[in-house]
>>> print(open('protein-v6.cif').read())   # mmCIF, C-alpha atoms
data_final
#
loop_
_atom_site.group_PDB
_atom_site.id
_atom_site.type_symbol
_atom_site.label_atom_id
_atom_site.label_comp_id
_atom_site.auth_asym_id
_atom_site.auth_seq_id
_atom_site.Cartn_x
_atom_site.Cartn_y
_atom_site.Cartn_z
ATOM 1 C CA LEU A 1 142.830 115.804 124.371
ATOM 2 C CA THR A 2 141.809 112.159 124.242
ATOM 3 C CA THR A 3 140.833 111.350 127.834
ATOM 4 C CA ILE A 4 139.309 113.141 130.829
ATOM 5 C CA GLY A 5 140.880 111.588 133.896
ATOM 6 C CA ALA A 6 139.271 110.413 137.114
ATOM 7 C CA TRP A 7 138.192 113.183 139.500
ATOM 8 C CA THR A 8 139.311 115.831 136.974
ATOM 9 C CA PHE A 9 136.490 118.295 137.634
ATOM 10 C CA ASN A 10 135.141 116.749 140.829
ATOM 11 C CA GLU A 11 133.327 119.287 143.051
ATOM 12 C CA CYS A 12 133.490 122.151 140.512
ATOM 13 C CA SER A 13 130.291 123.313 142.168
ATOM 14 C CA ASN A 14 129.742 126.378 139.968
ATOM 15 C CA LEU A 15 130.369 124.676 136.622
ATOM 16 C CA SER A 16 127.212 125.071 134.516
ATOM 17 C CA GLN A 17 128.321 123.925 131.064
ATOM 18 C CA ILE A 18 131.237 122.297 129.292
ATOM 19 C CA SER A 19 131.965 121.211 125.714
ATOM 20 C CA ILE A 20 133.753 117.885 125.303
ATOM 21 C CA PRO A 21 135.984 117.637 122.186
ATOM 22 C CA GLN A 22 135.224 114.950 119.624
ATOM 23 C CA ASN A 23 138.634 113.313 120.131
ATOM 24 C CA VAL A 24 137.851 112.309 123.720
ATOM 25 C CA THR A 25 137.354 108.542 124.053
ATOM 26 C CA SER A 26 137.204 108.064 127.833
ATOM 27 C CA ILE A 27 135.797 109.909 130.873
ATOM 28 C CA GLY A 28 137.156 108.710 134.200
ATOM 29 C CA ASN A 29 135.553 107.932 137.545
ATOM 30 C CA SER A 30 133.843 110.874 139.298
ATOM 31 C CA ALA A 31 135.076 113.266 136.595
ATOM 32 C CA PHE A 32 132.049 115.552 137.021
ATOM 33 C CA TYR A 33 130.796 114.387 140.385
ATOM 34 C CA GLY A 34 129.773 117.301 142.603
ATOM 35 C CA CYS A 35 129.146 119.645 139.668
ATOM 36 C CA GLY A 36 125.701 120.487 140.993
ATOM 37 C CA ARG A 37 125.083 123.429 138.659
ATOM 38 C CA LEU A 38 125.746 121.438 135.483
ATOM 39 C CA SER A 39 122.557 121.830 133.454
ATOM 40 C CA SER A 40 123.473 120.297 130.083
ATOM 41 C CA PHE A 41 125.997 117.800 128.800
ATOM 42 C CA THR A 42 126.556 116.270 125.365
ATOM 43 C CA LEU A 43 128.484 113.023 125.176
ATOM 44 C CA PRO A 44 130.499 112.950 121.924
ATOM 45 C CA GLU A 45 130.238 109.883 119.704
ATOM 46 C CA SER A 46 133.980 109.370 120.178
ATOM 47 C CA VAL A 47 133.479 108.413 123.861
ATOM 48 C CA THR A 48 133.400 104.636 124.357
ATOM 49 C CA TYR A 49 133.954 104.463 128.120
ATOM 50 C CA VAL A 50 132.561 106.417 131.104
ATOM 51 C CA GLY A 51 133.701 105.601 134.634
ATOM 52 C CA TRP A 52 131.559 105.146 137.721
ATOM 53 C CA TRP A 53 129.787 108.079 139.318
ATOM 54 C CA ALA A 54 130.865 110.408 136.530
ATOM 55 C CA PHE A 55 127.952 112.730 137.392
ATOM 56 C CA THR A 56 126.539 113.886 140.708
ATOM 57 C CA ASP A 57 123.171 112.915 142.168
ATOM 58 C CA ASP A 58 122.045 116.525 142.717
ATOM 59 C CA THR A 59 122.870 117.901 139.277
ATOM 60 C CA LEU A 60 120.482 120.182 137.347
ATOM 61 C CA LEU A 61 120.582 117.780 134.396
ATOM 62 C CA THR A 62 117.101 116.753 133.255
ATOM 63 C CA GLU A 63 117.924 114.561 130.225
ATOM 64 C CA PRO A 64 119.688 111.178 130.137
ATOM 65 C CA ILE A 65 123.322 111.285 128.992
ATOM 66 C CA TYR A 66 124.326 108.723 126.366
ATOM 67 C CA ASN A 67 125.669 108.291 122.872
ATOM 68 C CA SER A 68 125.484 105.309 120.525
ATOM 69 C CA HIS A 69 128.058 103.388 122.613
ATOM 70 C CA VAL A 70 127.615 104.284 126.280
ATOM 71 C CA PHE A 71 124.727 105.032 128.640
ATOM 72 C CA ALA A 72 126.295 107.301 131.269
ATOM 73 C CA TYR A 73 123.616 108.935 133.428
ATOM 74 C CA MET A 74 119.897 108.921 134.220
ATOM 75 C CA PRO A 75 118.426 111.996 135.975
ATOM 76 C CA LYS A 76 116.973 111.057 139.344
ATOM 77 C CA GLY A 77 113.584 112.629 138.593
ATOM 78 C CA TYR A 78 112.742 110.203 135.793
ATOM 79 C CA THR A 79 109.519 108.284 136.467
ATOM 80 C CA GLY A 80 108.043 105.060 135.086
ATOM 81 C CA GLU A 81 109.503 102.776 132.418
ATOM 82 C CA TYR A 82 112.671 103.389 130.431
ATOM 83 C CA ASN A 83 114.044 101.662 127.316
ATOM 84 C CA ILE A 84 117.796 102.042 126.947
ATOM 85 C CA PRO A 85 118.419 102.712 123.227
ATOM 86 C CA GLU A 86 119.509 99.834 121.019
ATOM 87 C CA GLY A 87 123.165 99.943 119.945
ATOM 88 C CA ILE A 88 124.572 100.895 123.341
ATOM 89 C CA GLU A 89 127.255 98.436 124.485
ATOM 90 C CA MET A 90 127.996 99.567 128.037
ATOM 91 C CA ILE A 91 126.077 100.997 130.978
ATOM 92 C CA ALA A 92 128.349 103.047 133.208
ATOM 93 C CA GLY A 93 128.758 102.450 136.927
ATOM 94 C CA HIS A 94 126.092 104.264 139.007
ATOM 95 C CA ALA A 95 124.297 105.303 135.781
ATOM 96 C CA PHE A 96 120.836 104.706 137.314
ATOM 97 C CA PHE A 97 121.960 104.993 140.930
ATOM 98 C CA ASP A 98 119.127 105.855 143.319
ATOM 99 C CA SER A 99 116.539 106.241 140.537
ATOM 100 C CA LYS A 100 113.733 105.440 142.944
ATOM 101 C CA ASN A 101 110.893 106.294 140.561
ATOM 102 C CA ILE A 102 111.816 103.942 137.738
ATOM 103 C CA THR A 103 109.566 100.872 137.748
ATOM 104 C CA ALA A 104 110.782 99.017 134.657
ATOM 105 C CA VAL A 105 113.863 99.110 132.450
ATOM 106 C CA THR A 106 114.675 97.465 129.126
ATOM 107 C CA ILE A 107 118.316 96.663 128.370
ATOM 108 C CA PRO A 108 118.953 96.300 124.619
ATOM 109 C CA SER A 109 120.446 93.260 122.919
ATOM 110 C CA SER A 110 123.617 95.219 122.121
ATOM 111 C CA VAL A 111 124.729 95.678 125.755
ATOM 112 C CA LYS A 112 127.873 93.713 126.657
ATOM 113 C CA TYR A 113 129.021 95.329 129.935
ATOM 114 C CA ILE A 114 127.212 96.805 132.940
ATOM 115 C CA TYR A 115 129.478 98.371 135.525
ATOM 116 C CA ASN A 116 129.301 98.482 139.323
ATOM 117 C CA ALA A 117 126.179 99.692 141.107
ATOM 118 C CA ALA A 118 124.558 100.789 137.829
ATOM 119 C CA PHE A 119 121.065 100.088 139.210
ATOM 120 C CA THR A 120 121.740 100.263 142.943
ATOM 121 C CA GLY A 121 119.070 102.223 144.804
ATOM 122 C CA CYS A 122 116.346 101.564 142.204
ATOM 123 C CA CYS A 123 114.089 100.338 144.993
ATOM 124 C CA ASN A 124 110.863 100.389 142.951
ATOM 125 C CA LEU A 125 112.244 98.543 139.939
ATOM 126 C CA GLN A 126 109.738 95.744 139.362
ATOM 127 C CA THR A 127 110.722 94.357 135.953
ATOM 128 C CA ILE A 128 113.986 94.211 134.025
ATOM 129 C CA THR A 129 113.964 93.107 130.403
ATOM 130 C CA CYS A 130 117.390 92.186 129.044
ATOM 131 C CA LYS A 131 117.298 91.401 125.318
ATOM 132 C CA ALA A 132 120.914 90.226 125.067
ATOM 133 C CA THR A 133 121.128 86.540 124.141
ATOM 134 C CA THR A 134 124.507 86.333 125.894
ATOM 135 C CA PRO A 135 124.234 87.585 129.493
ATOM 136 C CA PRO A 136 126.160 90.884 129.694
ATOM 137 C CA ALA A 137 129.214 90.938 131.942
ATOM 138 C CA LEU A 138 128.452 92.571 135.305
ATOM 139 C CA GLU A 139 130.726 94.221 137.839
ATOM 140 C CA GLU A 140 129.954 94.144 141.555
ATOM 141 C CA ALA A 141 126.477 94.869 142.958
ATOM 142 C CA VAL A 142 124.956 96.108 139.697
ATOM 143 C CA PHE A 143 121.497 95.432 141.153
ATOM 144 C CA CYS A 144 120.755 95.948 144.839
ATOM 145 C CA ASP A 145 117.519 93.951 144.650
ATOM 146 C CA THR A 146 117.315 90.740 142.653
ATOM 147 C CA GLY A 147 113.662 90.273 143.573
ATOM 148 C CA ALA A 148 112.497 92.056 140.417
ATOM 149 C CA THR A 149 111.232 89.884 137.560
ATOM 150 C CA LEU A 150 113.930 89.431 134.924
ATOM 151 C CA TYR A 151 112.760 88.838 131.337
ATOM 152 C CA VAL A 152 115.332 87.482 128.872
ATOM 153 C CA PRO A 153 115.228 85.827 125.425
ATOM 154 C CA ALA A 154 113.568 82.410 125.645
ATOM 155 C CA SER A 155 116.660 80.671 124.281
ATOM 156 C CA SER A 156 118.827 82.235 126.995
ATOM 157 C CA VAL A 157 116.832 81.622 130.193
ATOM 158 C CA ASN A 158 119.141 78.807 131.318
ATOM 159 C CA ASP A 159 122.235 80.846 130.454
ATOM 160 C CA TYR A 160 121.115 83.644 132.763
ATOM 161 C CA LYS A 161 120.270 81.193 135.526
ATOM 162 C CA ALA A 162 123.717 79.596 135.223
ATOM 163 C CA SER A 163 125.627 82.861 134.775
ATOM 164 C CA THR A 164 128.719 83.482 136.873
ATOM 165 C CA TYR A 165 127.511 87.072 137.257
ATOM 166 C CA GLN A 166 124.732 88.497 139.419
ATOM 167 C CA TRP A 167 122.102 87.436 136.868
ATOM 168 C CA LYS A 168 121.925 84.026 138.551
ATOM 169 C CA ASP A 169 120.753 85.653 141.806
ATOM 170 C CA PHE A 170 117.415 86.758 140.344
ATOM 171 C CA THR A 171 114.698 84.591 141.826
ATOM 172 C CA ASN A 172 112.273 85.019 138.937
ATOM 173 C CA ILE A 173 113.765 84.710 135.447
ATOM 174 C CA GLN A 174 111.254 84.349 132.621
ATOM 175 C CA ALA A 175 111.235 84.343 128.837
ATOM 176 C CA ILE A 176 110.352 87.591 127.091
ATOM 177 C CA GLY A 177 106.721 87.381 126.029
ATOM 178 C CA SER A 178 105.777 84.876 128.717
ATOM 179 C CA ASN A 179 103.985 87.466 130.849
ATOM 180 C CA PRO A 180 100.248 87.260 130.049
ATOM 181 C CA GLU A 181 99.964 90.968 130.830
ATOM 182 C CA ASP A 182 102.442 91.916 128.082
ATOM 183 C CA THR A 183 100.767 93.886 125.305
ATOM 184 C CA THR A 184 100.328 91.689 122.236
ATOM 185 C CA SER A 185 98.178 93.927 120.028
ATOM 186 C CA GLY A 186 97.379 97.541 119.370
ATOM 187 C CA LYS A 187 97.124 100.369 116.861
ATOM 188 C CA CYS A 188 100.087 101.459 114.725
ATOM 189 C CA GLY A 189 98.384 103.788 112.219
ATOM 190 C CA ASP A 190 95.040 105.470 111.631
ATOM 191 C CA ASN A 191 93.924 102.374 109.731
ATOM 192 C CA LEU A 192 96.590 99.896 110.826
ATOM 193 C CA ALA A 193 96.686 97.413 113.703
ATOM 194 C CA TRP A 194 99.347 95.033 114.964
ATOM 195 C CA THR A 195 99.222 91.675 116.717
ATOM 196 C CA PHE A 196 101.987 89.453 118.074
ATOM 197 C CA ASP A 197 101.633 85.686 118.276
ATOM 198 C CA GLN A 198 103.712 84.476 121.237
ATOM 199 C CA GLN A 199 103.599 80.875 120.033
ATOM 200 C CA THR A 200 104.956 81.490 116.516
ATOM 201 C CA GLY A 201 106.917 84.681 117.142
ATOM 202 C CA THR A 202 105.074 86.413 114.293
ATOM 203 C CA LEU A 203 104.307 90.142 114.277
ATOM 204 C CA THR A 204 101.407 90.859 111.925
ATOM 205 C CA ILE A 205 100.489 94.326 110.641
ATOM 206 C CA SER A 206 97.010 94.516 109.138
ATOM 207 C CA GLY A 207 94.965 97.256 107.487
ATOM 208 C CA SER A 208 95.975 99.986 105.045
ATOM 209 C CA GLY A 209 97.616 103.381 104.852
ATOM 210 C CA ALA A 210 100.533 105.013 106.605
ATOM 211 C CA MET A 211 102.130 103.694 109.773
ATOM 212 C CA TYR A 212 102.850 106.045 112.655
ATOM 213 C CA ASP A 213 106.431 107.143 113.297
ATOM 214 C CA PHE A 214 107.921 105.711 116.501
ATOM 215 C CA THR A 215 111.042 106.187 118.561
ATOM 216 C CA GLU A 216 113.068 103.658 120.518
ATOM 217 C CA ASP A 217 111.148 104.751 123.614
ATOM 218 C CA ASN A 218 107.566 104.301 122.337
ATOM 219 C CA MET A 219 107.716 101.423 119.863
ATOM 220 C CA PRO A 220 104.398 99.601 120.565
ATOM 221 C CA TRP A 221 105.871 96.090 120.224
ATOM 222 C CA ALA A 222 108.936 96.891 122.379
ATOM 223 C CA ASN A 223 108.140 94.221 125.000
ATOM 224 C CA PRO A 224 108.149 91.220 122.632
ATOM 225 C CA LEU A 225 110.798 92.749 120.325
ATOM 226 C CA ALA A 226 113.471 90.127 121.022
ATOM 227 C CA ALA A 227 110.909 87.338 120.558
ATOM 228 C CA ILE A 228 109.843 88.453 117.050
ATOM 229 C CA THR A 229 111.074 85.927 114.469
ATOM 230 C CA SER A 230 108.970 86.949 111.454
ATOM 231 C CA ILE A 231 106.912 89.942 110.318
ATOM 232 C CA GLU A 232 103.892 89.946 108.011
ATOM 233 C CA LEU A 233 102.979 93.236 106.293
ATOM 234 C CA PRO A 234 99.820 94.158 104.334
ATOM 235 C CA ASP A 235 99.765 95.007 100.628
ATOM 236 C CA GLY A 236 97.483 98.039 100.987
#
>>> encode(input="protein-v6.cif", output="structure tokens")
Amino acid sequence: LTTIGAWTFNECSNLSQISIPQNVTSIGNSAFYGCGRLSSFTLPESVTYVGWWAFTDDTLLTEPIYNSHVFAYMPKGYTGEYNIPEGIEMIAGHAFFDSKNITAVTIPSSVKYIYNAAFTGCCNLQTITCKATTPPALEEAVFCDTGATLYVPASSVNDYKASTYQWKDFTNIQAIGSNPEDTTSGKCGDNLAWTFDQQTGTLTISGSGAMYDFTEDNMPWANPLAAITSIELPDG
């Protein structure tokens, strides 16, 4: 088995779990839509494409579904800010559909394609940070509201404004790091601190001892990440 076709398991309302073989490379449109009892799902690393509305809005899933290539689904109960992991190249259609409680999202530099209505219904989305220097290709109506502030790499602001995709419709496109409220300093170890200079693009770590472990979701300098051009580390 190498593909799961469109609508394959649509409305299997009592399906609670399924194991996808490692040879599968593609999951079609609405393949698991209507599977309201589905409570867990692992996306194999072999999958490089997921169609629109692959998962239902009223599923029991509580964790985002993605692998290192594709972001497929965000549970509707997620609240606050979300950083899509670096390395992902595509965001599936309707992946964040109707995620009303998400206020900010960061799209990594690796993303190349965002499919239709991926962020439609995210009515409280206030800021979008897209780290890709080349504006990702967008299908139709990826964003339902282009009034959110869009932060992009400083060298790419004009490219986003001139894009043939929906990026150009955003009324407020700014360079990453240009927001005075962005965090530019903090603690990164018991005896370590970090600062980011927006003018020079330098991230400086000062102090001594061990640095904390971070994940892609809680890296303290995530906001200016794409603007960092040099890093200075202490000897101690």
>>> resolve_selection(input="protein-v6.cif", expression="the PyMOL selection byres ((chain A and resi 69-74) around 8)", output="list in words")
Glu45, Val47, Thr48, Tyr49, Val50, Ala54, Phe55, Glu63, Pro64, Ile65, Tyr66, Asn67, Ser68, Pro75, Lys76, Tyr78, Ile84, Gly87, Ile88, Glu89, Met90, Ile91, Ala92, Gly93, His94, Ala95, Phe96 and Ser99 of chain A
>>> atom_distance(input="protein-v6.cif", atom1="atom CA of A:Thr229", atom2="atom CA of A:Gln198")
10.1 Å
>>> resolve_selection(input="protein-v6.cif", expression="the PyMOL selection byres ((chain A and resi 143) around 9)", output="VMD selection string")
chain A and resid 116 to 122 140 to 142 144 to 146 166
>>> residues_around(input="protein-v6.cif", residues="stretch 187-192 of chain A", least_positions_apart="2", cutoff="7 Å", atoms="all atoms listed in the file", output="PyMOL selection string")
chain A and resi 194+205-212
>>> resolve_selection(input="protein-v6.cif", expression="the PyMOL selection byres ((chain A and resi 2) around 7)", output="VMD selection string")
chain A and resid 1 3 23 to 25
>>> atom_distance(input="protein-v6.cif", atom1="atom CA of A:Ala175", atom2="atom CA of A:Val152")
5.2 Å
>>> axis_aligned_box(input="protein-v6.cif", around="stretch 19-26 of chain A", padding_each_side="3 Å", output="AutoDock Vina command-line options")
--center_x 135.3 --center_y 114.6 --center_z 123.7 --size_x 12.7 --size_y 19.1 --size_z 14.2
